[in-house]
file structure38.txt (compact mmCIF, C-alpha atoms and all ligand atoms)
# COMPACT_ATOMS: atom_id res chain seq x y z
CA MET A 1 -22.68 19.24 3.78
CA SER A 2 -20.30 17.40 1.55
CA ALA A 3 -19.15 14.23 3.20
CA LEU A 4 -17.53 12.74 0.15
CA LYS A 5 -15.57 14.22 -2.71
CA ASN A 6 -14.76 12.42 -5.89
CA PHE A 7 -11.31 12.80 -7.20
CA ARG A 8 -9.46 12.46 -10.48
CA GLY A 9 -5.73 12.98 -10.68
CA HIS A 10 -4.28 14.15 -13.95
CA SER A 11 -0.62 14.54 -13.16
CA PRO A 12 1.32 11.58 -14.59
CA VAL A 13 2.83 10.77 -11.19
CA LEU A 14 -0.56 10.67 -9.58
CA GLN A 15 -1.95 8.48 -12.35
CA ARG A 16 0.91 6.07 -11.87
CA LEU A 17 0.40 6.04 -8.11
CA CYS A 18 -3.32 5.45 -8.43
CA TYR A 19 -3.12 2.70 -11.02
CA SER A 20 0.12 0.88 -10.31
CA ASP A 21 1.14 1.54 -6.74
CA TRP A 22 -2.28 1.73 -5.11
CA GLY A 23 -4.10 -0.71 -7.37
CA LEU A 24 -7.12 1.53 -7.95
CA ASP A 25 -9.20 0.21 -10.80
CA PRO A 26 -8.27 2.00 -14.07
CA ALA A 27 -11.79 1.25 -15.33
CA HIS A 28 -12.99 3.92 -12.90
CA ASP A 29 -11.07 7.11 -13.34
CA ILE A 30 -12.98 8.97 -10.66
CA TRP A 31 -12.52 7.69 -7.12
CA PRO A 32 -14.12 8.63 -3.87
CA LEU A 33 -11.54 10.87 -2.24
CA ARG A 34 -11.68 8.56 0.77
CA ALA A 35 -10.00 5.87 -1.35
CA VAL A 36 -7.16 8.18 -2.28
CA SER A 37 -6.53 10.37 0.74
CA ALA A 38 -5.18 7.73 3.12
CA ARG A 39 -2.80 6.49 0.44
CA LEU A 40 -1.61 10.02 -0.29
CA ALA A 41 -1.13 10.46 3.43
CA ARG A 42 1.04 7.35 3.60
CA ALA A 43 3.11 8.56 0.62
CA ILE A 44 3.65 11.94 2.20
CA SER A 45 4.60 10.61 5.60
CA ALA A 46 7.17 8.41 3.86
CA ARG A 47 8.29 11.57 1.99
CA GLN A 48 7.65 9.71 -1.25
CA TYR A 49 6.85 11.70 -4.40
CA TRP A 50 6.86 14.84 -2.22
CA PRO A 51 7.03 17.62 -4.81
CA SER A 52 4.84 16.03 -7.42
CA ILE A 53 1.84 15.34 -5.22
CA MET A 54 1.95 18.57 -3.21
CA PRO A 55 -0.79 20.28 -5.20
CA GLN A 56 -3.17 17.41 -4.64
CA LEU A 57 -2.36 17.33 -0.94
CA HIS A 58 -3.04 21.00 -0.63
CA PHE A 59 -6.28 20.58 -2.41
CA ILE A 60 -7.36 17.61 -0.36
CA ALA A 61 -6.58 19.36 2.89
CA GLY A 62 -8.59 22.32 1.60
CA HIS A 63 -6.01 24.91 2.58
CA GLN A 64 -6.43 28.01 0.55
CA VAL A 65 -5.54 31.65 0.84
CA SER A 66 -7.11 34.57 -0.92
CA GLN A 67 -3.93 36.62 -1.20
CA ALA A 68 -0.97 34.33 -1.33
CA GLN A 69 2.45 35.90 -1.32
CA GLU A 70 3.85 32.75 -2.82
CA ALA A 71 1.05 31.33 -4.90
CA SER A 72 1.78 27.92 -6.28
CA TRP A 73 -1.46 26.79 -7.77
CA LEU A 74 -4.70 28.22 -9.04
CA GLN A 75 -7.95 26.57 -8.09
CA ILE A 76 -11.07 27.05 -10.15
CA ARG A 77 -14.51 26.07 -8.89
CA LEU A 78 -17.49 25.83 -11.24
CA GLU A 79 -21.04 24.88 -10.37
CA ALA A 80 -22.44 22.35 -12.81
CA ALA A 81 -26.08 21.90 -13.65
CA ALA A 82 -27.47 18.34 -13.81
CA GLY A 83 -25.51 16.24 -16.31
CA GLU A 84 -22.75 18.84 -16.78
CA GLY A 85 -20.31 17.66 -14.10
CA GLU A 86 -18.48 15.11 -16.23
CA ILE A 87 -18.33 17.45 -19.25
CA ILE A 88 -16.76 20.24 -17.21
CA ALA A 89 -14.36 17.80 -15.54
CA GLU A 90 -13.22 16.54 -18.95
CA ALA A 91 -12.82 20.10 -20.29
CA LEU A 92 -10.70 21.12 -17.29
CA ALA A 93 -8.54 18.02 -17.70
CA HIS A 94 -7.97 18.79 -21.38
CA ALA A 95 -7.12 22.38 -20.48
CA GLY A 96 -4.24 21.10 -18.29
CA ALA A 97 -5.70 20.62 -14.80
CA LEU A 98 -3.39 18.78 -12.41
CA SER A 99 -6.37 17.30 -10.64
CA VAL A 100 -10.12 17.57 -10.88
CA THR A 101 -12.43 16.96 -7.95
CA LEU A 102 -16.20 16.79 -7.91
CA GLU A 103 -18.23 17.57 -4.85
CA ASP A 104 -21.74 18.17 -3.69
CA ALA A 105 -22.80 21.72 -4.55
CA ALA A 106 -26.04 21.53 -2.58
CA ASP A 107 -26.98 19.41 0.39
CA ASN A 108 -27.15 15.90 -0.98
CA PRO A 109 -24.44 14.13 0.96
CA VAL A 110 -23.25 10.75 -0.22
CA LEU A 111 -21.80 9.61 3.06
CA GLU A 112 -20.34 6.26 2.21
CA PRO A 113 -20.27 4.77 -1.29
CA LEU A 114 -20.26 1.03 -1.83
CA PRO A 115 -16.99 -0.44 -3.13
CA GLY A 116 -16.40 0.61 -6.73
CA GLU A 117 -19.04 3.35 -6.60
CA ALA A 118 -18.26 7.02 -7.18
CA PRO A 119 -21.69 8.58 -7.39
CA LEU A 120 -22.24 12.12 -8.62
CA TRP A 121 -24.74 14.58 -7.16
CA PRO A 122 -27.66 16.38 -8.86
CA HIS A 123 -25.79 19.67 -8.35
CA THR A 124 -22.09 19.14 -8.61
CA ALA A 125 -19.26 21.57 -8.02
CA VAL A 126 -16.25 20.81 -10.22
CA ILE A 127 -12.90 21.97 -8.91
CA GLY A 128 -9.76 22.04 -11.03
CA LEU A 129 -6.23 22.69 -9.87
CA PHE A 130 -3.79 24.44 -12.25
CA GLU A 131 -0.20 25.67 -12.23
CA ALA A 132 -0.03 29.19 -10.78
CA ASP A 133 0.94 30.84 -14.08
CA THR A 134 -1.97 29.37 -16.05
CA ASP A 135 -4.02 31.88 -18.01
CA MET A 136 -7.54 31.00 -16.87
CA GLN A 137 -9.37 32.79 -19.68
CA PRO A 138 -8.72 30.06 -22.29
CA VAL A 139 -9.58 27.45 -19.65
CA LEU A 140 -12.95 29.09 -19.08
CA ALA A 141 -13.49 29.46 -22.81
CA SER A 142 -12.87 25.75 -23.34
CA VAL A 143 -15.41 24.89 -20.63
CA GLY A 144 -17.96 27.14 -22.35
CA LYS A 145 -17.21 25.44 -25.68
CA ALA A 146 -17.56 21.95 -24.19
CA LEU A 147 -20.96 22.93 -22.81
CA ALA A 148 -21.88 24.57 -26.13
CA ARG A 149 -22.61 27.83 -24.29
CA ALA A 150 -21.69 31.34 -25.33
CA THR A 151 -20.78 32.15 -21.71
CA PRO A 152 -19.19 29.57 -19.39
CA PRO A 153 -20.75 28.91 -15.96
CA ARG A 154 -19.80 31.23 -13.11
CA ALA A 155 -16.31 30.45 -11.85
CA HIS A 156 -14.60 31.16 -8.55
CA ILE A 157 -10.81 31.27 -8.78
CA THR A 158 -8.54 31.18 -5.73
CA THR A 159 -4.84 30.72 -5.12
CA LEU A 160 -3.29 27.95 -3.08
CA ARG A 161 -0.05 28.53 -1.26
CA SER A 162 2.80 26.06 -1.25
CA GLU A 163 4.52 27.08 1.96
CA ASP A 164 4.16 25.44 5.29
CA TRP A 165 2.81 22.08 4.29
CA GLU A 166 4.76 20.30 6.99
CA SER A 167 3.38 22.42 9.81
CA VAL A 168 -0.14 22.20 8.40
CA TRP A 169 0.32 18.45 8.28
CA LYS A 170 1.42 18.31 11.90
CA ASN A 171 -1.37 20.58 13.16
CA ASP A 172 -4.12 18.82 11.28
CA PHE A 173 -2.95 15.24 11.41
CA GLY A 174 -0.60 14.97 14.36
CA ALA A 175 -1.04 12.67 17.36
CA ARG A 176 -4.56 12.93 18.80
CA ARG A 177 -6.05 11.74 22.10
CA PHE A 178 -9.42 9.98 22.47
CA GLY A 179 -10.71 9.74 26.03
CA ASN A 180 -8.08 9.29 28.73
CA ARG A 181 -5.49 6.84 27.52
CA LEU A 182 -6.03 6.22 23.83
CA TRP A 183 -3.98 8.05 21.20
CA VAL A 184 -3.90 7.72 17.41
CA CYS A 185 -0.53 8.78 16.04
CA PRO A 186 0.91 8.87 12.52
CA HIS A 187 3.75 6.43 11.95
CA GLY A 188 6.98 7.73 13.42
CA GLU A 189 5.21 9.87 16.03
CA ASN A 190 4.41 9.10 19.63
CA ALA A 191 2.03 10.51 22.23
CA PRO A 192 3.45 13.41 24.23
CA VAL A 193 2.46 11.77 27.57
CA PRO A 194 3.70 8.66 29.39
CA ASP A 195 1.41 5.59 29.73
CA ALA A 196 -0.51 6.37 26.53
CA VAL A 197 -2.12 3.50 24.63
CA ILE A 198 -1.06 4.16 21.05
CA VAL A 199 -2.52 3.12 17.72
CA HIS A 200 -0.24 3.99 14.83
CA LEU A 201 -2.16 4.86 11.69
CA ASP A 202 -1.42 7.28 8.91
CA PRO A 203 -4.10 9.90 8.77
CA GLY A 204 -6.61 10.20 5.99
CA LEU A 205 -9.30 12.79 5.77
CA ALA A 206 -12.46 10.86 6.34
CA PHE A 207 -13.38 7.75 8.27
CA GLY A 208 -10.76 5.41 9.54
CA THR A 209 -8.32 7.58 11.48
CA GLY A 210 -10.36 9.37 14.10
CA ASN A 211 -10.57 12.59 12.11
CA HIS A 212 -14.28 11.95 11.58
CA PRO A 213 -16.49 12.73 14.62
CA SER A 214 -18.23 9.40 14.30
CA THR A 215 -14.95 7.44 14.56
CA ALA A 216 -13.87 9.77 17.38
CA LEU A 217 -17.08 8.90 19.27
CA CYS A 218 -16.32 5.18 18.91
CA LEU A 219 -12.71 5.59 20.03
CA GLU A 220 -13.76 7.61 23.08
CA TRP A 221 -16.38 4.98 23.90
CA LEU A 222 -13.75 2.23 23.63
CA ASP A 223 -11.39 4.15 25.90
CA GLY A 224 -14.07 4.15 28.60
CA HIS A 225 -15.75 0.78 28.00
CA CYS A 226 -13.23 -1.69 26.57
CA GLN A 227 -12.42 -4.31 29.19
CA HIS A 228 -9.39 -6.51 29.63
CA GLY A 229 -9.94 -9.80 27.77
CA ASP A 230 -12.84 -8.49 25.66
CA ARG A 231 -13.70 -10.30 22.43
CA ILE A 232 -14.65 -7.57 19.98
CA ILE A 233 -16.49 -7.54 16.68
CA ASP A 234 -15.69 -4.46 14.56
CA TYR A 235 -18.50 -4.48 11.98
CA GLY A 236 -17.60 -2.17 9.03
CA CYS A 237 -13.93 -2.02 10.01
CA GLY A 238 -12.52 0.31 7.28
CA SER A 239 -8.90 0.76 8.34
CA GLY A 240 -9.48 -1.57 11.32
CA ILE A 241 -8.97 1.32 13.71
CA LEU A 242 -11.63 0.25 16.22
CA ALA A 243 -10.53 -3.39 16.38
CA ILE A 244 -6.90 -2.34 16.73
CA ALA A 245 -7.69 0.27 19.38
CA ALA A 246 -9.67 -2.32 21.36
CA LEU A 247 -6.78 -4.80 21.22
CA ARG A 248 -4.29 -2.14 22.27
CA LEU A 249 -6.59 -1.30 25.19
CA GLY A 250 -6.52 -4.90 26.41
CA ALA A 251 -9.09 -6.85 24.39
CA ALA A 252 -8.05 -10.44 23.80
CA ARG A 253 -9.37 -10.97 20.29
CA ALA A 254 -10.99 -9.03 17.45
CA TRP A 255 -13.02 -10.02 14.43
CA ALA A 256 -13.06 -7.19 11.87
CA VAL A 257 -15.62 -7.33 9.08
CA ASP A 258 -16.11 -5.25 5.97
CA ILE A 259 -17.88 -5.61 2.62
CA ASP A 260 -14.91 -3.85 0.98
CA ALA A 261 -11.97 -6.16 0.22
CA GLN A 262 -9.57 -3.17 0.37
CA ALA A 263 -10.70 -2.51 3.94
CA VAL A 264 -10.04 -6.14 4.90
CA LEU A 265 -6.51 -5.87 3.49
CA ALA A 266 -5.88 -2.50 5.13
CA THR A 267 -7.08 -3.85 8.48
CA MET A 268 -4.64 -6.76 8.41
CA ASN A 269 -1.77 -4.45 7.37
CA ASN A 270 -2.62 -1.98 10.12
CA ALA A 271 -2.98 -4.81 12.66
CA ARG A 272 0.52 -6.01 11.71
CA ASP A 273 1.92 -2.47 12.05
CA ASN A 274 0.45 -2.32 15.55
CA ASP A 275 1.60 -5.79 16.65
CA VAL A 276 -1.91 -7.15 17.06
CA ALA A 277 -2.20 -9.26 13.90
CA GLY A 278 -1.93 -12.48 15.93
CA CYS A 279 -5.26 -11.82 17.65
CA THR A 280 -7.07 -10.21 14.70
CA TRP A 281 -9.24 -11.88 12.11
CA ALA A 282 -10.39 -9.72 9.16
CA GLY A 283 -12.78 -10.82 6.46
CA THR A 284 -16.10 -10.30 4.73
CA PRO A 285 -19.43 -10.61 6.59
CA GLN A 286 -20.37 -13.99 5.12
CA HIS A 287 -17.29 -15.58 6.72
CA LEU A 288 -17.77 -14.16 10.20
CA THR A 289 -19.77 -17.03 11.72
CA THR A 290 -17.13 -19.55 10.64
CA ALA A 291 -14.33 -17.31 11.91
CA LEU A 292 -16.00 -16.99 15.32
CA ALA A 293 -15.98 -20.80 15.56
CA GLY A 294 -18.55 -20.80 18.34
CA GLU A 295 -16.73 -18.19 20.47
CA ASN A 296 -18.96 -15.59 22.09
CA ALA A 297 -18.14 -11.93 21.44
CA THR A 298 -18.40 -9.66 24.47
CA CYS A 299 -18.70 -6.42 22.54
CA LEU A 300 -19.67 -5.21 19.05
CA LEU A 301 -18.86 -1.88 17.45
CA ALA A 302 -20.32 -0.78 14.14
CA ASN A 303 -19.57 2.64 12.70
CA ILE A 304 -21.45 2.41 9.41
CA LEU A 305 -24.52 4.51 8.55
CA ALA A 306 -28.13 4.56 9.76
CA ARG A 307 -29.65 2.47 6.95
CA PRO A 308 -27.19 -0.46 7.09
CA LEU A 309 -27.32 -0.36 10.90
CA ILE A 310 -31.11 -0.72 10.80
CA ASP A 311 -30.83 -3.63 8.37
CA LEU A 312 -28.11 -5.26 10.43
CA ALA A 313 -29.86 -5.00 13.84
CA PRO A 314 -31.15 -8.64 13.79
CA ARG A 315 -27.70 -9.87 12.75
CA PHE A 316 -26.07 -7.99 15.63
CA ALA A 317 -28.59 -9.60 17.98
CA GLU A 318 -27.68 -13.02 16.59
CA LEU A 319 -23.96 -12.36 17.09
CA LEU A 320 -24.16 -11.27 20.73
CA PRO A 321 -25.09 -13.21 23.88
CA THR A 322 -27.05 -11.66 26.77
CA GLY A 323 -25.02 -9.00 28.59
CA ALA A 324 -22.68 -8.24 25.65
CA ARG A 325 -22.13 -4.55 24.94
CA ILE A 326 -22.92 -2.78 21.67
CA ALA A 327 -21.97 0.65 20.31
CA VAL A 328 -23.17 1.81 16.91
CA ALA A 329 -22.31 5.07 15.15
CA GLY A 330 -22.41 6.77 11.78
CA ILE A 331 -25.84 8.08 12.73
CA LEU A 332 -26.93 11.68 12.21
CA GLN A 333 -28.69 13.21 15.20
CA GLU A 334 -32.03 13.26 13.41
CA GLN A 335 -31.72 9.50 12.75
CA ILE A 336 -31.33 8.51 16.43
CA ASP A 337 -35.00 7.52 16.94
CA GLU A 338 -35.14 5.37 13.83
CA VAL A 339 -31.94 3.44 14.64
CA SER A 340 -32.89 3.11 18.33
CA ALA A 341 -36.24 1.63 17.32
CA ALA A 342 -34.53 -0.94 15.11
CA LEU A 343 -32.23 -2.05 17.96
CA ALA A 344 -34.87 -1.88 20.73
CA PRO A 345 -36.25 -5.45 20.38
CA TRP A 346 -32.87 -6.88 21.40
CA PHE A 347 -30.84 -4.15 23.09
CA GLU A 348 -31.27 -1.99 26.20
CA LEU A 349 -29.87 1.37 25.11
CA THR A 350 -28.66 4.23 27.28
CA GLU A 351 -28.27 7.96 26.56
CA PRO A 352 -26.76 8.59 23.08
CA ARG A 353 -23.45 10.42 22.82
CA ILE A 354 -23.25 13.30 20.35
CA GLN A 355 -20.41 15.03 18.52
CA GLU A 356 -20.96 17.60 15.75
CA ASN A 357 -24.40 16.29 14.78
CA TRP A 358 -23.19 12.67 14.80
CA ALA A 359 -24.51 10.21 17.36
CA LEU A 360 -23.30 7.02 19.01
CA LEU A 361 -25.90 4.64 20.48
CA HIS A 362 -24.78 2.17 23.09
CA GLY A 363 -26.17 -0.42 25.43
CA GLN A 364 -26.41 -4.11 26.24
CA ARG A 365 -27.88 -7.24 24.68
CA ARG A 366 -30.99 -8.31 26.63
C1 LIG B 401 -17.71 4.80 8.15
S1 LIG B 401 -16.62 3.53 7.72
C2 LIG B 401 -16.00 3.13 9.34
C3 LIG B 401 -14.58 2.68 9.35
C4 LIG B 401 -14.00 2.49 10.75
N1 LIG B 401 -14.64 1.41 11.46
C5 LIG B 401 -14.11 3.76 11.57
O1 LIG B 401 -14.77 3.71 12.61
O2 LIG B 401 -13.55 4.79 11.19
C6 LIG B 401 -17.80 2.28 7.39
C7 LIG B 401 -17.22 1.00 6.84
O3 LIG B 401 -18.29 0.07 6.82
C8 LIG B 401 -18.25 -0.69 5.64
N2 LIG B 401 -19.61 -1.18 5.39
C9 LIG B 401 -20.65 -0.50 4.85
N3 LIG B 401 -21.76 -1.29 4.83
C10 LIG B 401 -21.39 -2.48 5.39
C11 LIG B 401 -22.08 -3.71 5.66
N4 LIG B 401 -23.37 -3.87 5.34
N5 LIG B 401 -21.40 -4.72 6.21
C12 LIG B 401 -20.09 -4.58 6.54
N6 LIG B 401 -19.38 -3.45 6.31
C13 LIG B 401 -20.02 -2.40 5.75
C14 LIG B 401 -17.70 0.27 4.60
O4 LIG B 401 -17.08 -0.43 3.54
C15 LIG B 401 -16.71 1.10 5.43
O5 LIG B 401 -15.41 0.57 5.38

call {"tool": "encode", "arguments": {"input": "structure38.txt", "output": "C-alpha cells"}}
result
Amino acid sequence: MSALKNFRGHSPVLQRLCYSDWGLDPAHDIWPLRAVSARLARAISARQYWPSIMPQLHFIAGHQVSQAQEASWLQIRLEAAAGEGEIIAEALAHAGALSVTLEDAADNPVLEPLPGEAPLWPHTAVIGLFEADTDMQPVLASVGKALARATPPRAHITTLRSEDWESVWKNDFGARRFGNRLWVCPHGENAPVPDAVIVHLDPGLAFGTGNHPSTALCLEWLDGHCQHGDRIIDYGCGSGILAIAALRLGAARAWAVDIDAQAVLATMNNARDNDVAGCTWAGTPQHLTTALAGENATCLLANILARPLIDLAPRFAELLPTGARIAVAGILQEQIDEVSAALAPWFELTEPRIQENWALLHGQRR
C-alpha cells in the first residue's frame, strides 16, 4: 500500500506555482503529494495553467494506458535500492523529466507526514514523466552512470494519454454523496438532487475531500449523527471538511484544530467559501481551550491516525462532558482493538464502522 507519494515538479511553470503561488517551502524540493494535489486541483478547476500542468495531473490521477493512440507523455518507473532514491530522482531530473515522484515500492506506508516532512521509504520507486518523443535509452544510461553501475536498474516504461482529461476529472472528482443528505461538490458544481446539503471543496487525492475512505466514514457518520445546534470539535481538521460539513448539517459552532498551519489557513478559506466562517474557529491545539472559552462541545471528530489518537485519548476526555458524542477514524482494521482500549476508560463505544480496511470508532463520553 502506498498512502503517500512524494512529488517534485521540474517544469518551470510547476516550480513557479509551487514556490510563488502556493508558498511551498523552496528549502524542501520534494513535497508530500498531498500538499500539492489539492492546489493542482484548484488550479485546474479554475482552468489556470491548463496545458502546462496537464502531465502532472495525469500522473497524479494515475491514469495510464499501455497502448495509447495519442501518447503525450512517457512514464518511467525504476525501483531504487536503499539510498538510491534521491540519486535516481536527480538523474531523471537532469535528463529532462517534467516531474519526478517517489513512492513506496514495498509495503511501508507513510500515512500522514508531519508538517515539513517528506520521508522516503527503505524501498522506493522513482517515477519520472517525460515528453512523448523522448529517447529513453540515454535517460536510462544517465541513471546507470549516476549510480556508477554498468547496467541501470530495471525500468518499466508506459505511455500516458492526453485525451479526455475533463471527463476523467468529472468521473473521479465530481459531486459525491455521503449518507442521505450530505454532498461534497467541486466549486461550480451542485448536487443532482433537491434538498441536498452541500459542501463545496475542490477535490484533492488524499484526505480532506472525502476521496479517502476514512474521511468518507466520518462524513457518513456526520450525516446520520450530527444534530441541530451541535457544538463540534474537528481535531486534525486538514481542509476543515468535517467541521464545515457539520455546520452545513445544522451544527451551531465548530472549533477546528490542526498542528499544520497550512491546514488552519485552508480551513478558514474553505469555511468562508461555504458561508460558515462566522461560526468557525480554526487554530492550533494549544489555543483550543482558550477558544472554547468555557463552552461545552457536544461532539468531537478526529480523523488522524491510530498512534496520535491513542496519545490524544485523555485530551479528548478532558474536552468532552458526559453524554457528548465522539467519532475517531484514520484507524486500520487491525488497529481497532488498540485504539478502543485507549478510549475505553472514558468512552462507551459501539460497533465500529468499516470501509476498505479503514475503521471509524464511535460512542459517548461516560
Ligand atoms: C488524515 S488528515 C484528516 C483531514 C480531515 N479532517 C479529513 O477528515 O479528511 C489528519 C490531519 O490531522 C492533523 N494532525 C496530525 N496529528 C495531529 C495532532 N496531534 N493534533 C492535531 N492535528 C493533527 C494533520 O496535520 C492532518 O491535517

call {"tool": "residues_near_ligand", "arguments": {"input": "structure38.txt", "ligand": "ligand LIG 401 (chain B)", "cutoff": "6 Å", "atoms": "only C-alpha atoms and all ligand atoms", "output": "mmCIF file with C-alpha atoms, in the coordinates of the input"}}
result
data_model
loop_
_atom_site.group_PDB
_atom_site.id
_atom_site.type_symbol
_atom_site.label_atom_id
_atom_site.label_comp_id
_atom_site.auth_asym_id
_atom_site.auth_seq_id
_atom_site.Cartn_x
_atom_site.Cartn_y
_atom_site.Cartn_z
ATOM 1 C CA PHE A 207 -13.380 7.750 8.270
ATOM 2 C CA GLY A 208 -10.760 5.410 9.540
ATOM 3 C CA THR A 209 -8.320 7.580 11.480
ATOM 4 C CA THR A 215 -14.950 7.440 14.560
ATOM 5 C CA TYR A 235 -18.500 -4.480 11.980
ATOM 6 C CA GLY A 236 -17.600 -2.170 9.030
ATOM 7 C CA CYS A 237 -13.930 -2.020 10.010
ATOM 8 C CA GLY A 238 -12.520 0.310 7.280
ATOM 9 C CA SER A 239 -8.900 0.760 8.340
ATOM 10 C CA GLY A 240 -9.480 -1.570 11.320
ATOM 11 C CA ILE A 241 -8.970 1.320 13.710
ATOM 12 C CA LEU A 242 -11.630 0.250 16.220
ATOM 13 C CA VAL A 257 -15.620 -7.330 9.080
ATOM 14 C CA ASP A 258 -16.110 -5.250 5.970
ATOM 15 C CA ILE A 259 -17.880 -5.610 2.620
ATOM 16 C CA ASP A 260 -14.910 -3.850 0.980
ATOM 17 C CA ALA A 263 -10.700 -2.510 3.940
ATOM 18 C CA ASN A 303 -19.570 2.640 12.700
ATOM 19 C CA ILE A 304 -21.450 2.410 9.410
ATOM 20 C CA PRO A 308 -27.190 -0.460 7.090
#

call {"tool": "closest_residue", "arguments": {"input": "structure38.txt", "among": "A:Asn269, A:Gln227, A:Ser99, A:Gln286", "to": "Ala324 in chain A", "atoms": "all atoms listed in the file"}}
result
A:Gln227

call {"tool": "closest_residue", "arguments": {"input": "structure38.txt", "among": "A:Pro153, A:Gly96, A:Ser142, A:Ala306", "to": "Ala81 in chain A", "atoms": "all atoms listed in the file"}}
result
A:Pro153

call {"tool": "atom_distance", "arguments": {"input": "structure38.txt", "atom1": "CA of Phe130 in chain A", "atom2": "CA of Gly174 in chain A"}}
result
28.4 Å

call {"tool": "atom_distance", "arguments": {"input": "structure38.txt", "atom1": "CA of Ala341 in chain A", "atom2": "CA of Phe178 in chain A"}}
result
28.6 Å

call {"tool": "atom_distance", "arguments": {"input": "structure38.txt", "atom1": "CA of Gly323 in chain A", "atom2": "CA of Leu361 in chain A"}}
result
15.9 Å

call {"tool": "residues_around", "arguments": {"input": "structure38.txt", "residues": "Leu249 in chain A", "least_positions_apart": "6", "cutoff": "9 Å", "atoms": "all atoms listed in the file", "output": "ChimeraX atom specification"}}
result
/A:181-182,197-198,222-223,226-228

call {"tool": "residues_around", "arguments": {"input": "structure38.txt", "residues": "Ala271 in chain A", "least_positions_apart": "2", "cutoff": "10 Å", "atoms": "all atoms listed in the file", "output": "PDB file with C-alpha atoms, in the coordinates of the input"}}
result
ATOM      1  CA  VAL A 199      -2.520   3.120  17.720  1.00  0.00           C
ATOM      2  CA  HIS A 200      -0.240   3.990  14.830  1.00  0.00           C
ATOM      3  CA  LEU A 201      -2.160   4.860  11.690  1.00  0.00           C
ATOM      4  CA  SER A 239      -8.900   0.760   8.340  1.00  0.00           C
ATOM      5  CA  GLY A 240      -9.480  -1.570  11.320  1.00  0.00           C
ATOM      6  CA  ILE A 241      -8.970   1.320  13.710  1.00  0.00           C
ATOM      7  CA  ALA A 243     -10.530  -3.390  16.380  1.00  0.00           C
ATOM      8  CA  ILE A 244      -6.900  -2.340  16.730  1.00  0.00           C
ATOM      9  CA  ALA A 245      -7.690   0.270  19.380  1.00  0.00           C
ATOM     10  CA  LEU A 247      -6.780  -4.800  21.220  1.00  0.00           C
ATOM     11  CA  LEU A 265      -6.510  -5.870   3.490  1.00  0.00           C
ATOM     12  CA  ALA A 266      -5.880  -2.500   5.130  1.00  0.00           C
ATOM     13  CA  THR A 267      -7.080  -3.850   8.480  1.00  0.00           C
ATOM     14  CA  MET A 268      -4.640  -6.760   8.410  1.00  0.00           C
ATOM     15  CA  ASN A 269      -1.770  -4.450   7.370  1.00  0.00           C
ATOM     16  CA  ASP A 273       1.920  -2.470  12.050  1.00  0.00           C
ATOM     17  CA  ASN A 274       0.450  -2.320  15.550  1.00  0.00           C
ATOM     18  CA  ASP A 275       1.600  -5.790  16.650  1.00  0.00           C
ATOM     19  CA  VAL A 276      -1.910  -7.150  17.060  1.00  0.00           C
ATOM     20  CA  ALA A 277      -2.200  -9.260  13.900  1.00  0.00           C
ATOM     21  CA  GLY A 278      -1.930 -12.480  15.930  1.00  0.00           C
ATOM     22  CA  CYS A 279      -5.260 -11.820  17.650  1.00  0.00           C
ATOM     23  CA  THR A 280      -7.070 -10.210  14.700  1.00  0.00           C
ATOM     24  CA  TRP A 281      -9.240 -11.880  12.110  1.00  0.00           C
ATOM     25  CA  ALA A 282     -10.390  -9.720   9.160  1.00  0.00           C
TER      26      ALA A 282
END

call {"tool": "residues_around", "arguments": {"input": "structure38.txt", "residues": "range 352-357 of chain A", "least_positions_apart": "2", "cutoff": "8 Å", "atoms": "only C-alpha atoms", "output": "list in words"}}
result
Pro213, Ser214, Leu217, Leu332, Gln333, Thr350, Ala359, Leu360, Leu361 and His362 of chain A

call {"tool": "residues_around", "arguments": {"input": "structure38.txt", "residues": "Ala95 in chain A", "least_positions_apart": "4", "cutoff": "10 Å", "atoms": "all atoms listed in the file", "output": "PyMOL selection string"}}
result
chain A and resi 89-91+128+130+134+136+138-143

call {"tool": "closest_residue", "arguments": {"input": "structure38.txt", "among": "A:Thr284, A:Gln364, A:Thr298, A:Asn270", "to": "Asp230 in chain A", "atoms": "only C-alpha atoms"}}
result
A:Thr298
